[in-house]
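Have a look at coords-v1.cif below; it lists mmCIF, C-alpha atoms.
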data_structure
loop_
_atom_site.label_atom_id
_atom_site.label_comp_id
_atom_site.auth_asym_id
_atom_site.auth_seq_id
_atom_site.Cartn_x
_atom_site.Cartn_y
_atom_site.Cartn_z
CA MET A 191 -3.15 22.39 24.07
CA ARG A 192 -1.93 25.05 21.63
CA THR A 193 1.36 25.92 19.94
CA VAL A 194 1.68 29.57 18.99
CA ALA A 195 4.43 30.90 16.72
CA VAL A 196 5.41 34.54 17.25
CA LEU A 197 7.09 36.06 14.23
CA GLY A 198 9.60 38.74 15.22
CA GLY A 199 11.60 39.08 18.44
CA GLY A 200 11.45 42.86 18.81
CA ILE A 201 9.66 44.35 21.82
CA GLY A 202 6.22 43.69 20.27
CA GLY A 203 6.92 39.98 19.68
CA LEU A 204 8.52 39.55 23.09
CA ALA A 205 5.59 41.30 24.81
CA ALA A 206 3.09 39.04 23.00
CA THR A 207 5.10 35.97 24.11
CA TYR A 208 5.24 37.24 27.70
CA TYR A 209 1.43 37.50 27.79
CA LEU A 210 0.99 34.10 26.07
CA CYS A 211 3.08 32.57 28.87
CA LYS A 212 0.57 33.89 31.39
CA SER A 213 -2.16 31.66 29.88
CA PRO A 214 -2.66 27.99 30.81
CA GLN A 215 -4.28 27.52 27.38
CA VAL A 216 -0.88 27.79 25.66
CA THR A 217 1.42 24.76 25.75
CA LYS A 218 4.31 26.05 23.67
CA VAL A 219 5.42 29.34 22.10
CA ILE A 220 8.04 29.52 19.34
CA VAL A 221 9.66 32.93 18.79
CA LEU A 222 11.37 33.46 15.42
CA GLU A 223 13.73 36.44 15.14
CA SER A 224 15.63 37.12 11.90
CA SER A 225 18.57 38.99 13.50
CA SER A 226 21.19 37.88 16.00
CA ARG A 227 19.60 39.74 18.95
CA PHE A 228 16.20 40.19 20.58
CA GLY A 229 14.73 43.60 21.42
CA GLY A 230 14.44 45.29 18.02
CA TRP A 231 14.69 49.06 18.30
CA LEU A 232 15.25 48.93 22.10
CA TRP A 233 19.02 48.94 21.86
CA SER A 234 21.49 50.28 24.46
CA THR A 235 25.29 50.47 24.45
CA ARG A 236 26.83 49.99 27.92
CA ARG A 237 30.42 51.09 27.93
CA SER A 238 32.97 49.48 30.27
CA ASP A 239 33.38 52.81 32.14
CA GLY A 240 29.67 52.81 33.09
CA ALA A 241 28.28 55.19 30.44
CA VAL A 242 25.02 54.18 28.72
CA PHE A 243 23.88 55.31 25.26
CA GLU A 244 20.51 54.65 23.62
CA HIS A 245 20.27 53.99 19.88
CA GLY A 246 16.46 53.98 19.80
CA PRO A 247 13.74 55.02 22.28
CA ARG A 248 15.00 56.36 25.62
CA GLY A 249 12.49 57.97 28.02
CA ILE A 250 9.23 56.00 28.42
CA ARG A 251 6.02 57.78 29.39
CA PRO A 252 4.02 56.32 32.31
CA ALA A 253 0.69 58.03 31.49
CA GLY A 254 -2.55 56.35 30.45
CA ALA A 255 -3.53 52.70 30.09
CA VAL A 256 -0.56 51.96 27.83
CA GLY A 257 1.92 53.54 30.28
CA ARG A 258 0.41 51.67 33.26
CA ASN A 259 0.52 48.41 31.34
CA THR A 260 4.28 48.79 30.64
CA LEU A 261 5.01 49.68 34.30
CA ASN A 262 3.02 46.62 35.45
CA MET A 263 5.15 44.43 33.18
CA VAL A 264 8.40 46.06 34.34
CA ASP A 265 7.34 45.47 37.96
CA ASP A 266 6.54 41.82 37.23
CA LEU A 267 9.97 41.37 35.60
CA GLY A 268 11.70 42.61 38.76
CA LEU A 269 13.06 45.81 37.20
CA GLY A 270 11.36 48.21 39.63
CA GLY A 271 14.63 48.84 41.50
CA GLU A 272 16.37 49.96 38.29
CA ILE A 273 13.85 52.69 37.41
CA LEU A 274 15.22 56.18 36.78
CA PRO A 275 12.21 58.52 37.06
CA VAL A 276 12.06 62.06 35.66
CA THR A 277 9.35 64.08 37.42
CA TYR A 278 7.22 66.87 35.91
CA SER A 279 9.10 69.37 38.11
CA HIS A 280 12.47 68.29 36.66
CA VAL A 281 14.22 70.78 34.36
CA ALA A 282 14.11 68.20 31.52
CA SER A 283 10.31 68.16 31.76
CA LYS A 284 9.90 71.94 32.04
CA ASN A 285 12.41 73.03 29.40
CA ARG A 286 11.99 71.86 25.81
CA TYR A 287 13.29 73.92 22.93
CA LEU A 288 12.66 74.67 19.27
CA TYR A 289 15.49 75.69 16.94
CA VAL A 290 13.95 78.30 14.63
CA ASN A 291 15.64 81.09 12.64
CA LYS A 292 19.03 79.82 13.83
CA GLN A 293 18.09 80.35 17.50
CA LEU A 294 16.99 78.16 20.40
CA HIS A 295 13.57 79.12 21.78
CA ARG A 296 12.15 77.65 24.99
CA MET A 297 8.67 76.27 24.44
CA PRO A 298 6.04 78.17 26.46
CA SER A 299 4.91 76.42 29.64
CA GLY A 300 2.68 77.31 32.56
CA ILE A 301 -0.03 80.00 32.60
CA SER A 302 2.39 82.90 32.10
CA GLY A 303 3.89 81.18 29.03
CA LEU A 304 0.43 80.80 27.50
CA LEU A 305 -0.56 84.41 28.19
CA GLN A 306 2.54 86.05 26.71
CA THR A 307 3.81 86.21 23.14
CA VAL A 308 6.84 83.94 23.23
CA PRO A 309 9.18 83.72 20.20
CA PRO A 310 9.17 82.09 17.70
CA PHE A 311 5.36 82.59 17.89
CA THR A 312 3.78 85.93 17.02
CA ARG A 313 0.79 85.79 19.38
CA PRO A 314 -0.02 84.23 22.79
CA LEU A 315 -0.83 80.51 22.56
CA LEU A 316 -3.83 81.04 24.83
CA LEU A 317 -5.45 83.07 22.02
CA SER A 318 -5.24 80.10 19.64
CA VAL A 319 -6.57 77.76 22.35
CA ALA A 320 -9.48 80.06 23.26
CA MET A 321 -10.52 80.59 19.63
CA GLU A 322 -10.42 76.82 18.99
CA ILE A 323 -13.74 76.24 20.77
CA LEU A 324 -15.49 78.33 18.07
CA VAL A 325 -14.11 76.31 15.13
CA LYS A 326 -16.61 74.04 13.37
CA LYS A 327 -16.12 70.28 13.37
CA GLY A 328 -14.40 68.83 10.29
CA LYS A 329 -16.50 66.73 7.90
CA GLU A 330 -13.76 64.42 6.55
CA ASN A 331 -13.23 60.94 8.02
CA ASP A 332 -9.48 61.71 8.17
CA GLU A 333 -7.06 64.52 7.31
CA SER A 334 -3.38 65.36 7.64
CA ILE A 335 -2.11 66.50 11.04
CA HIS A 336 -1.00 69.82 9.51
CA SER A 337 -4.44 70.47 7.99
CA PHE A 338 -6.23 69.53 11.23
CA VAL A 339 -4.08 71.78 13.46
CA SER A 340 -4.09 74.67 10.94
CA ARG A 341 -7.88 74.54 10.86
CA ARG A 342 -8.36 74.34 14.63
CA LEU A 343 -5.37 76.20 16.12
CA GLY A 344 -3.87 78.24 13.29
CA LYS A 345 -1.22 77.83 10.61
CA GLU A 346 1.65 79.17 12.71
CA LEU A 347 1.27 76.47 15.37
CA ALA A 348 1.00 73.83 12.63
CA ASP A 349 4.04 75.13 10.71
CA ILE A 350 6.34 75.43 13.72
CA ALA A 351 5.28 73.45 16.80
CA VAL A 352 3.36 70.57 15.23
CA ASP A 353 5.74 70.17 12.29
CA SER A 354 8.61 69.86 14.82
CA LEU A 355 6.65 67.52 17.09
CA CYS A 356 5.86 65.11 14.24
CA ARG A 357 9.53 65.07 13.23
CA GLY A 358 10.49 64.26 16.83
CA VAL A 359 7.86 61.55 17.40
CA PHE A 360 7.39 59.95 13.96
CA ALA A 361 10.41 61.31 12.02
CA GLY A 362 7.63 62.18 9.59
CA ASP A 363 5.97 64.92 7.57
CA CYS A 364 2.88 66.35 9.29
CA ARG A 365 1.50 67.30 5.86
CA LYS A 366 1.14 63.58 5.04
CA LEU A 367 0.62 61.94 8.44
CA SER A 368 -2.93 61.08 9.54
CA ILE A 369 -4.48 62.87 12.54
CA ARG A 370 -6.85 59.94 13.09
CA SER A 371 -4.07 57.32 13.26
CA CYS A 372 -1.25 59.35 14.85
CA PHE A 373 -3.26 61.38 17.37
CA PRO A 374 -6.58 59.53 17.81
CA LEU A 375 -7.23 61.41 21.08
CA LEU A 376 -7.35 64.75 19.22
CA TYR A 377 -9.43 63.34 16.34
CA ASN A 378 -11.94 61.79 18.78
CA ALA A 379 -12.11 64.98 20.87
CA GLU A 380 -13.26 66.92 17.81
CA GLN A 381 -15.65 64.20 16.64
CA ARG A 382 -17.31 63.61 20.03
CA ARG A 383 -17.12 67.08 21.64
CA GLY A 384 -16.72 69.38 18.65
CA SER A 385 -13.58 70.88 20.22
CA LEU A 386 -10.12 69.77 21.35
CA MET A 387 -10.42 71.78 24.57
CA LEU A 388 -13.84 70.37 25.46
CA GLY A 389 -12.62 66.89 24.55
CA MET A 390 -9.64 67.24 26.89
CA LEU A 391 -11.80 68.61 29.71
CA LEU A 392 -14.77 66.27 29.36
CA GLY A 393 -13.06 63.19 27.93
CA SER A 394 -13.29 61.99 24.35
CA GLY A 395 -14.31 58.36 24.74
CA PRO A 396 -13.53 55.18 26.69
CA SER A 397 -9.96 54.04 27.26
CA PRO A 398 -8.76 50.47 27.96
CA VAL A 399 -9.04 49.32 31.57
CA VAL A 400 -5.61 48.50 33.00
CA PRO A 401 -5.13 48.06 36.77
CA THR A 402 -2.76 50.47 38.52
CA GLY A 403 0.00 48.27 39.94
CA PRO A 404 2.48 49.33 42.67
CA LEU A 405 4.97 50.91 40.23
CA ALA A 406 2.20 52.74 38.35
CA GLN A 407 0.86 54.01 41.70
CA ARG A 408 4.33 55.26 42.57
CA SER A 409 4.58 57.04 39.20
CA ILE A 410 1.33 58.92 39.95
CA LYS A 411 2.30 59.75 43.55
CA GLU A 412 5.73 61.05 42.50
CA SER A 413 4.47 62.77 39.30
CA TRP A 414 6.69 61.01 36.78
CA ALA A 415 6.79 62.55 33.31
CA GLN A 416 8.99 59.76 31.92
CA TRP A 417 11.38 57.06 33.08
CA SER A 418 14.31 54.92 31.97
CA LEU A 419 16.34 52.09 33.53
CA SER A 420 19.81 52.19 35.09
CA LYS A 421 21.33 49.99 32.36
CA GLY A 422 19.23 51.45 29.54
CA VAL A 423 15.88 50.46 28.05
CA GLU A 424 17.34 47.31 26.47
CA SER A 425 17.00 45.85 29.98
CA ILE A 426 13.30 45.35 29.18
CA PRO A 427 13.72 42.91 26.25
CA GLU A 428 16.65 41.25 28.07
CA SER A 429 14.50 40.66 31.17
CA ILE A 430 11.56 39.40 29.10
CA THR A 431 13.91 36.97 27.30
CA GLU A 432 15.19 35.64 30.66
CA TYR A 433 11.61 35.32 31.92
CA LEU A 434 10.61 33.36 28.80
CA GLN A 435 13.60 31.04 29.09
CA ARG A 436 12.71 30.29 32.73
CA SER A 437 9.09 29.52 31.80
CA GLY A 438 10.06 26.27 30.09
CA ARG A 439 7.33 26.79 27.47
CA VAL A 440 9.16 29.03 25.02
CA GLN A 441 11.61 28.22 22.24
CA LEU A 442 13.63 31.30 21.27
CA HIS A 443 15.26 31.24 17.83
CA ARG A 444 17.73 33.89 16.63
CA ASP A 445 18.92 34.18 13.02
CA ALA A 446 15.65 32.54 11.97
CA ALA A 447 14.19 34.63 9.14
CA VAL A 448 10.68 33.62 8.07
CA LYS A 449 10.69 32.91 4.32
CA HIS A 450 6.98 32.17 3.91
CA ILE A 451 3.98 30.82 5.78
CA THR A 452 1.34 28.44 4.45
CA PRO A 453 -1.92 27.14 5.91
CA SER A 454 -2.02 23.43 6.84
CA ALA A 455 -4.74 21.00 7.93
CA SER A 456 -4.02 21.66 11.62
CA GLY A 457 -2.91 25.30 11.48
CA TRP A 458 0.16 26.81 9.83
CA LYS A 459 3.54 25.82 8.45
CA ILE A 460 6.34 28.38 8.78
CA HIS A 461 9.17 27.91 6.29
CA LEU A 462 12.64 29.00 7.42
CA GLU A 463 16.01 28.89 5.63
CA ASP A 464 16.81 25.52 7.19
CA GLY A 465 13.49 23.84 7.92
CA VAL A 466 9.76 24.03 8.60
CA ILE A 467 7.95 24.76 11.90
CA SER A 468 4.31 23.86 12.56
CA ALA A 469 1.99 25.92 14.77
CA ASP A 470 -1.72 26.08 15.60
CA HIS A 471 -1.69 29.88 15.58
CA ILE A 472 0.58 32.72 14.47
CA ILE A 473 1.03 36.18 15.96
CA SER A 474 3.06 38.43 13.67
CA ALA A 475 5.20 41.22 15.07
CA LEU A 476 7.11 41.59 11.81
CA PRO A 477 7.46 44.89 9.94
CA ALA A 478 4.65 45.25 7.40
CA LYS A 479 6.83 44.63 4.34
CA ALA A 480 8.52 41.55 5.87
CA LEU A 481 5.12 40.06 6.65
CA SER A 482 3.78 40.88 3.17
CA SER A 483 6.59 38.89 1.52
CA ALA A 484 5.96 35.87 3.80
CA LEU A 485 2.18 35.59 3.36
CA PRO A 486 0.63 33.05 0.96
CA SER A 487 -0.60 34.48 -2.36
CA SER A 488 -4.20 33.75 -1.29
CA CYS A 489 -3.85 36.73 1.10
CA GLN A 490 -3.41 39.20 -1.80
CA PRO A 491 -5.63 42.06 -0.47
CA LEU A 492 -3.77 41.99 2.89
CA ILE A 493 -0.38 41.76 1.12
CA GLN A 494 -1.21 44.91 -0.83
CA GLN A 495 -2.34 46.79 2.28
CA LEU A 496 0.88 45.86 4.09
CA GLN A 497 3.03 46.91 1.13
CA ASP A 498 1.26 50.29 1.07
CA ILE A 499 2.57 51.16 4.57
CA SER A 500 5.65 53.38 4.17
CA THR A 501 8.57 53.45 6.59
CA VAL A 502 11.41 55.91 7.18
CA THR A 503 15.10 55.53 8.02
CA VAL A 504 16.64 57.51 10.88
CA ALA A 505 20.33 58.10 11.58
CA VAL A 506 20.81 58.12 15.37
CA VAL A 507 24.16 59.69 16.32
CA ASN A 508 25.33 59.42 19.95
CA LEU A 509 27.98 61.97 20.90
CA GLU A 510 29.94 62.49 24.11
CA TYR A 511 31.77 65.72 24.93
CA GLU A 512 34.23 66.51 27.70
CA GLY A 513 32.84 68.81 30.42
CA SER A 514 29.55 70.73 30.48
CA ILE A 515 28.92 72.18 27.02
CA LEU A 516 25.19 72.97 26.89
CA PRO A 517 24.18 76.67 26.57
CA VAL A 518 20.71 75.79 27.94
CA THR A 519 19.36 73.07 30.25
CA GLY A 520 16.41 70.91 29.23
CA PHE A 521 15.33 67.74 27.49
CA GLY A 522 16.49 68.81 24.04
CA HIS A 523 15.32 70.63 20.93
CA LEU A 524 13.42 69.92 17.72
CA LEU A 525 13.51 71.66 14.35
CA PRO A 526 10.64 72.35 11.93
CA SER A 527 11.24 71.10 8.38
CA SER A 528 11.49 74.73 7.20
CA GLU A 529 14.64 75.18 9.31
CA ASP A 530 16.67 72.10 8.33
CA ARG A 531 15.14 69.13 6.56
CA GLY A 532 18.03 66.79 7.42
CA VAL A 533 18.30 67.29 11.20
CA LEU A 534 15.15 66.30 13.12
CA GLY A 535 16.30 67.23 16.62
CA MET A 536 18.68 66.63 19.52
CA VAL A 537 18.24 65.09 22.96
CA TYR A 538 20.44 66.40 25.77
CA ASP A 539 20.71 62.91 27.33
CA SER A 540 22.84 64.01 30.28
CA VAL A 541 20.06 66.28 31.57
CA PRO A 542 17.15 63.81 32.07
CA PHE A 543 19.43 60.83 32.81
CA PRO A 544 22.75 61.96 34.36
CA GLN A 545 22.98 58.45 35.87
CA HIS A 546 23.97 57.24 32.38
CA ASN A 547 27.07 59.48 32.31
CA ARG A 548 30.41 57.84 33.08
CA PRO A 549 30.94 58.15 36.86
CA ASN A 550 34.42 59.75 36.69
CA GLY A 551 34.88 63.21 35.19
CA GLN A 552 32.08 65.41 33.89
CA THR A 553 30.85 64.75 30.35
CA THR A 554 27.83 65.71 28.23
CA ARG A 555 25.97 63.06 26.21
CA LEU A 556 23.86 64.13 23.23
CA THR A 557 21.87 62.27 20.59
CA VAL A 558 21.31 63.81 17.15
CA MET A 559 18.43 62.38 15.06
CA MET A 560 18.59 62.87 11.30
CA GLY A 561 16.78 61.93 8.10
CA GLY A 562 13.36 60.36 8.61
CA ALA A 563 10.95 61.30 5.81
CA TRP A 564 13.70 63.52 4.36
CA PHE A 565 16.56 60.97 4.45
CA GLN A 566 16.66 60.22 0.71
CA GLU A 567 16.30 63.90 -0.22
CA VAL A 568 19.13 65.10 2.06
CA PHE A 569 21.54 62.16 2.37
CA GLY A 570 20.68 59.94 -0.61
CA ASP A 571 20.32 56.15 -0.56
CA PRO A 572 20.68 54.78 3.02
CA GLU A 573 22.67 51.86 1.58
CA ALA A 574 25.21 54.21 -0.03
CA VAL A 575 25.63 57.01 2.55
CA THR A 576 28.90 56.87 4.53
CA GLU A 577 29.27 56.89 8.30
CA GLU A 578 31.75 59.80 7.97
CA CYS A 579 29.15 61.91 6.15
CA LEU A 580 26.47 61.36 8.82
CA LEU A 581 28.85 61.90 11.75
CA ALA A 582 30.16 65.11 10.17
CA ARG A 583 26.60 66.41 9.69
CA ALA A 584 25.68 65.60 13.30
CA THR A 585 28.76 67.31 14.83
CA GLU A 586 28.25 70.29 12.54
CA ALA A 587 24.65 70.58 13.81
CA VAL A 588 25.86 70.52 17.44
CA GLN A 589 28.33 73.28 16.61
CA CYS A 590 25.68 75.46 14.87
CA HIS A 591 22.76 74.88 17.25
CA LEU A 592 24.61 74.80 20.59
CA GLY A 593 27.76 76.80 19.82
CA VAL A 594 30.01 73.89 20.76
CA THR A 595 33.49 74.38 19.30
CA THR A 596 35.25 71.28 20.67
CA ALA A 597 35.15 67.88 18.99
CA PRO A 598 33.33 64.96 20.64
CA ILE A 599 35.51 62.51 22.59
CA TRP A 600 33.29 59.54 21.59
CA SER A 601 30.70 58.92 18.91
CA ARG A 602 28.51 56.08 17.65
CA LEU A 603 26.23 55.98 14.61
CA ALA A 604 23.24 53.65 14.36
CA LEU A 605 21.50 53.77 10.98
CA GLN A 606 18.00 52.55 11.81
CA ARG A 607 16.66 51.44 8.43
CA ASP A 608 12.88 51.44 7.95
CA CYS A 609 12.43 51.90 11.71
CA ILE A 610 9.25 53.99 11.93
CA PRO A 611 6.08 53.19 9.96
CA GLN A 612 4.33 56.25 8.54
CA TYR A 613 0.59 56.38 9.15
CA TYR A 614 -0.59 58.48 6.24
CA GLN A 615 -4.16 59.66 5.67
CA GLY A 616 -6.55 56.73 5.43
CA HIS A 617 -4.31 54.44 7.50
CA PHE A 618 -7.12 53.90 10.05
CA GLN A 619 -8.82 51.70 7.45
CA ARG A 620 -5.83 49.34 7.65
CA VAL A 621 -4.43 48.78 11.15
CA VAL A 622 -3.95 50.20 14.66
CA ASN A 623 -0.66 50.12 16.62
CA ASP A 624 0.96 50.46 20.05
CA VAL A 625 3.78 48.02 20.57
CA ILE A 626 3.75 46.44 24.09
CA PHE A 627 0.04 47.02 24.61
CA SER A 628 -0.81 45.66 21.14
CA GLY A 629 1.18 42.52 22.03
CA ARG A 630 -1.17 42.04 24.97
CA THR A 631 -4.27 42.83 22.88
CA ALA A 632 -3.26 40.31 20.18
CA VAL A 633 -2.94 37.58 22.83
CA GLU A 634 -6.32 38.45 24.40
CA GLU A 635 -8.01 38.30 21.00
CA LEU A 636 -6.38 34.94 20.22
CA LEU A 637 -7.23 33.36 23.59
CA GLU A 638 -10.62 35.12 23.89
CA THR A 639 -9.78 36.01 27.49
CA GLN A 640 -8.00 38.74 29.44
CA VAL A 641 -4.34 38.29 30.44
#
Translate the structure of the given file into structure tokens.
Amino acid sequence: MRTVAVLGGGIGGLAATYYLCKSPQVTKVIVLESSSRFGGWLWSTRRSDGAVFEHGPRGIRPAGAVGRNTLNMVDDLGLGGEILPVTYSHVASKNRYLYVNKQLHRMPSGISGLLQTVPPFTRPLLLSVAMEILVKKGKENDESIHSFVSRRLGKELADIAVDSLCRGVFAGDCRKLSIRSCFPLLYNAEQRRGSLMLGMLLGSGPSPVVPTGPLAQRSIKESWAQWSLSKGVESIPESITEYLQRSGRVQLHRDAAVKHITPSASGWKIHLEDGVISADHIISALPAKALSSALPSSCQPLIQQLQDISTVTVAVVNLEYEGSILPVTGFGHLLPSSEDRGVLGMVYDSVPFPQHNRPNGQTTRLTVMMGGAWFQEVFGDPEAVTEECLLARATEAVQCHLGVTTAPIWSRLALQRDCIPQYYQGHFQRVVNDVIFSGRTAVEELLETQV
């Protein structure tokens, strides 16, 4: 009955196609991916000796409607047996660090951590939390994350903890990022309850209804904080691709960059390098700028909005060291921008996921993240920077932060260009995002039914 073209074969495009295949209303789906591989930023290296390294996202959170939705999909794809759960009681969940004033500081956790003054902070966190209830509600329809947290919880928390968090999550500058778009839960808590604490306790609005499947039930019962897969998170797009091929309703095209799209009498024409494809409907999972250059000129207001969305480039450096070299045990550490603008943070991959280490002989796997909103300022043009320069900076950071004096026995650099969109103040007036779940939402809106 309908032919749907999905532009982009990253995880968002593949998820949308997966949900389209669940509907009897859809006869054919055509997936157009510009690169030579599907999966986008979900990218894992599996070495012949059994070691696994992630060049993009690694641990996936199971919490909330979005987390349940992903686990339901993973279950349906038959990946349940490959899950590597990390529970809340695991050392990687309990120990997270900040690197401030050239020292590693364990982030406060538990009641005792909230009651005491824990460096690098100069007063107990509980004091900031308790005082927050008395702060008046903001009057602006949006503000920067730094401004919001400074106003409600104090400048110190904003300067150190929240600055670091935003660098770890968005590779971005909390002084520019939007509270409403990046942390809608916190914005809504203030708007609806007048306080973050009351919002957390009483709820700050409705959330999407997603059934709790067997894997999601298991995650609750076993208290998972995050999870990965035995062969890395790239198993998800690989399994979706296999599922789509088996469906018999999907055409998957690699190396098929969309040049431009034009409306036709029956729907849309999609112009590629070597031909034209017709479709009744289009779902775009392209980066904003790629979509803006493909749209017809009649869509000028939308083109401008898409072009206004900034992105940042992140250098992801995977390092492997012989033996056990970590001075502390935990998930990893982040740095505020005041400490080092170039290095965003490190993940101690061998701690949460030792199963990804090579099976013979003890090693330590680390990932150093660099650049983000500060890439140009620190490293210059991403097109001109050398691999040697970035690898040297990453190994130097490991030496300074962790006191490691030996050289890595293996390294891999992935320069992820324009990989994270930056939701600056006012972004809520443009679009909303959450990759796998938004793929499902786009399909439900198109088909006017739940999938």
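Of the listed residues A:Val325, A:Val352, A:Val440, A:Leu419, the one whose atoms come nearest to Gly384 (chain A) is A:Val325, with distances taken using only C-alpha atoms.
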Which residues would end up in the selection if the PyMOL selection byres ((chain A and resi 421) around 9) were applied here, given that I need the answer as number ranges by chain? A: 234-236, 240-242, 272, 418-420, 422-425, 546
As a check of understanding: the span from CA of Gln497 (chain A) to CA of Ala480 (chain A) is 9.0 Å
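Residues lying at most 8 Å from (8.6, 27.3, 3.7) in file coordinates, with all atoms listed in the file considered, are Val448, Lys449, His450, Ile451, Thr452, Lys459, Ile460, His461, Leu462, Glu463, Gly465 and Val466 of chain A.
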Residues near Leu267 (chain A), anyone? I mean within 10 Å using all atoms listed in the file, not counting same-chain ones fewer than 5 positions away, as a PDB file with C-alpha atoms, keeping the file's coordinate frame.
ATOM      1  CA  LEU A 261       5.010  49.680  34.300  1.00  0.00           C
ATOM      2  CA  ASN A 262       3.020  46.620  35.450  1.00  0.00           C
ATOM      3  CA  ILE A 426      13.300  45.350  29.180  1.00  0.00           C
ATOM      4  CA  SER A 429      14.500  40.660  31.170  1.00  0.00           C
ATOM      5  CA  ILE A 430      11.560  39.400  29.100  1.00  0.00           C
ATOM      6  CA  GLU A 432      15.190  35.640  30.660  1.00  0.00           C
ATOM      7  CA  TYR A 433      11.610  35.320  31.920  1.00  0.00           C
TER       8      TYR A 433
END
At most 10 Å is the cut-off: for each residue in region 416-516 of chain A with any atom that close to an atom of region 604-608 of chain A, write down the nearest atom pair and the distance in Å rounded to one decimal, counting all atoms listed in the file, chain first then increasing number, as JSON lines.
{"residue": "A:Pro477", "atom": "CA", "partner": "A:Asp608", "partner_atom": "CA", "distance": 8.7}
{"residue": "A:Lys479", "atom": "CA", "partner": "A:Asp608", "partner_atom": "CA", "distance": 9.8}
{"residue": "A:Ser500", "atom": "CA", "partner": "A:Asp608", "partner_atom": "CA", "distance": 8.4}
{"residue": "A:Thr501", "atom": "CA", "partner": "A:Asp608", "partner_atom": "CA", "distance": 4.9}
{"residue": "A:Val502", "atom": "CA", "partner": "A:Asp608", "partner_atom": "CA", "distance": 4.8}
{"residue": "A:Thr503", "atom": "CA", "partner": "A:Arg607", "partner_atom": "CA", "distance": 4.4}
{"residue": "A:Val504", "atom": "CA", "partner": "A:Gln606", "partner_atom": "CA", "distance": 5.2}
{"residue": "A:Ala505", "atom": "CA", "partner": "A:Leu605", "partner_atom": "CA", "distance": 4.5}
{"residue": "A:Val506", "atom": "CA", "partner": "A:Ala604", "partner_atom": "CA", "distance": 5.2}
{"residue": "A:Val507", "atom": "CA", "partner": "A:Ala604", "partner_atom": "CA", "distance": 6.4}
{"residue": "A:Asn508", "atom": "CA", "partner": "A:Ala604", "partner_atom": "CA", "distance": 8.3}
Write the selection just made, keeping C-alpha atoms, as a tab-separated table (two decimals), keeping the file's coordinate frame?
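Just written: out.tsv:
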chain	number	residue	atom	x	y	z
A	477	PRO	CA	7.46	44.89	9.94
A	479	LYS	CA	6.83	44.63	4.34
A	500	SER	CA	5.65	53.38	4.17
A	501	THR	CA	8.57	53.45	6.59
A	502	VAL	CA	11.41	55.91	7.18
A	503	THR	CA	15.10	55.53	8.02
A	504	VAL	CA	16.64	57.51	10.88
A	505	ALA	CA	20.33	58.10	11.58
A	506	VAL	CA	20.81	58.12	15.37
A	507	VAL	CA	24.16	59.69	16.32
A	508	ASN	CA	25.33	59.42	19.95
Could you pull the residues within 6 Å of region 337-346 of chain A, counting only C-alpha atoms, minus those fewer than 2 positions along the same chain, as a PyMOL selection string? chain A and resi 318+322+334-335+348-349
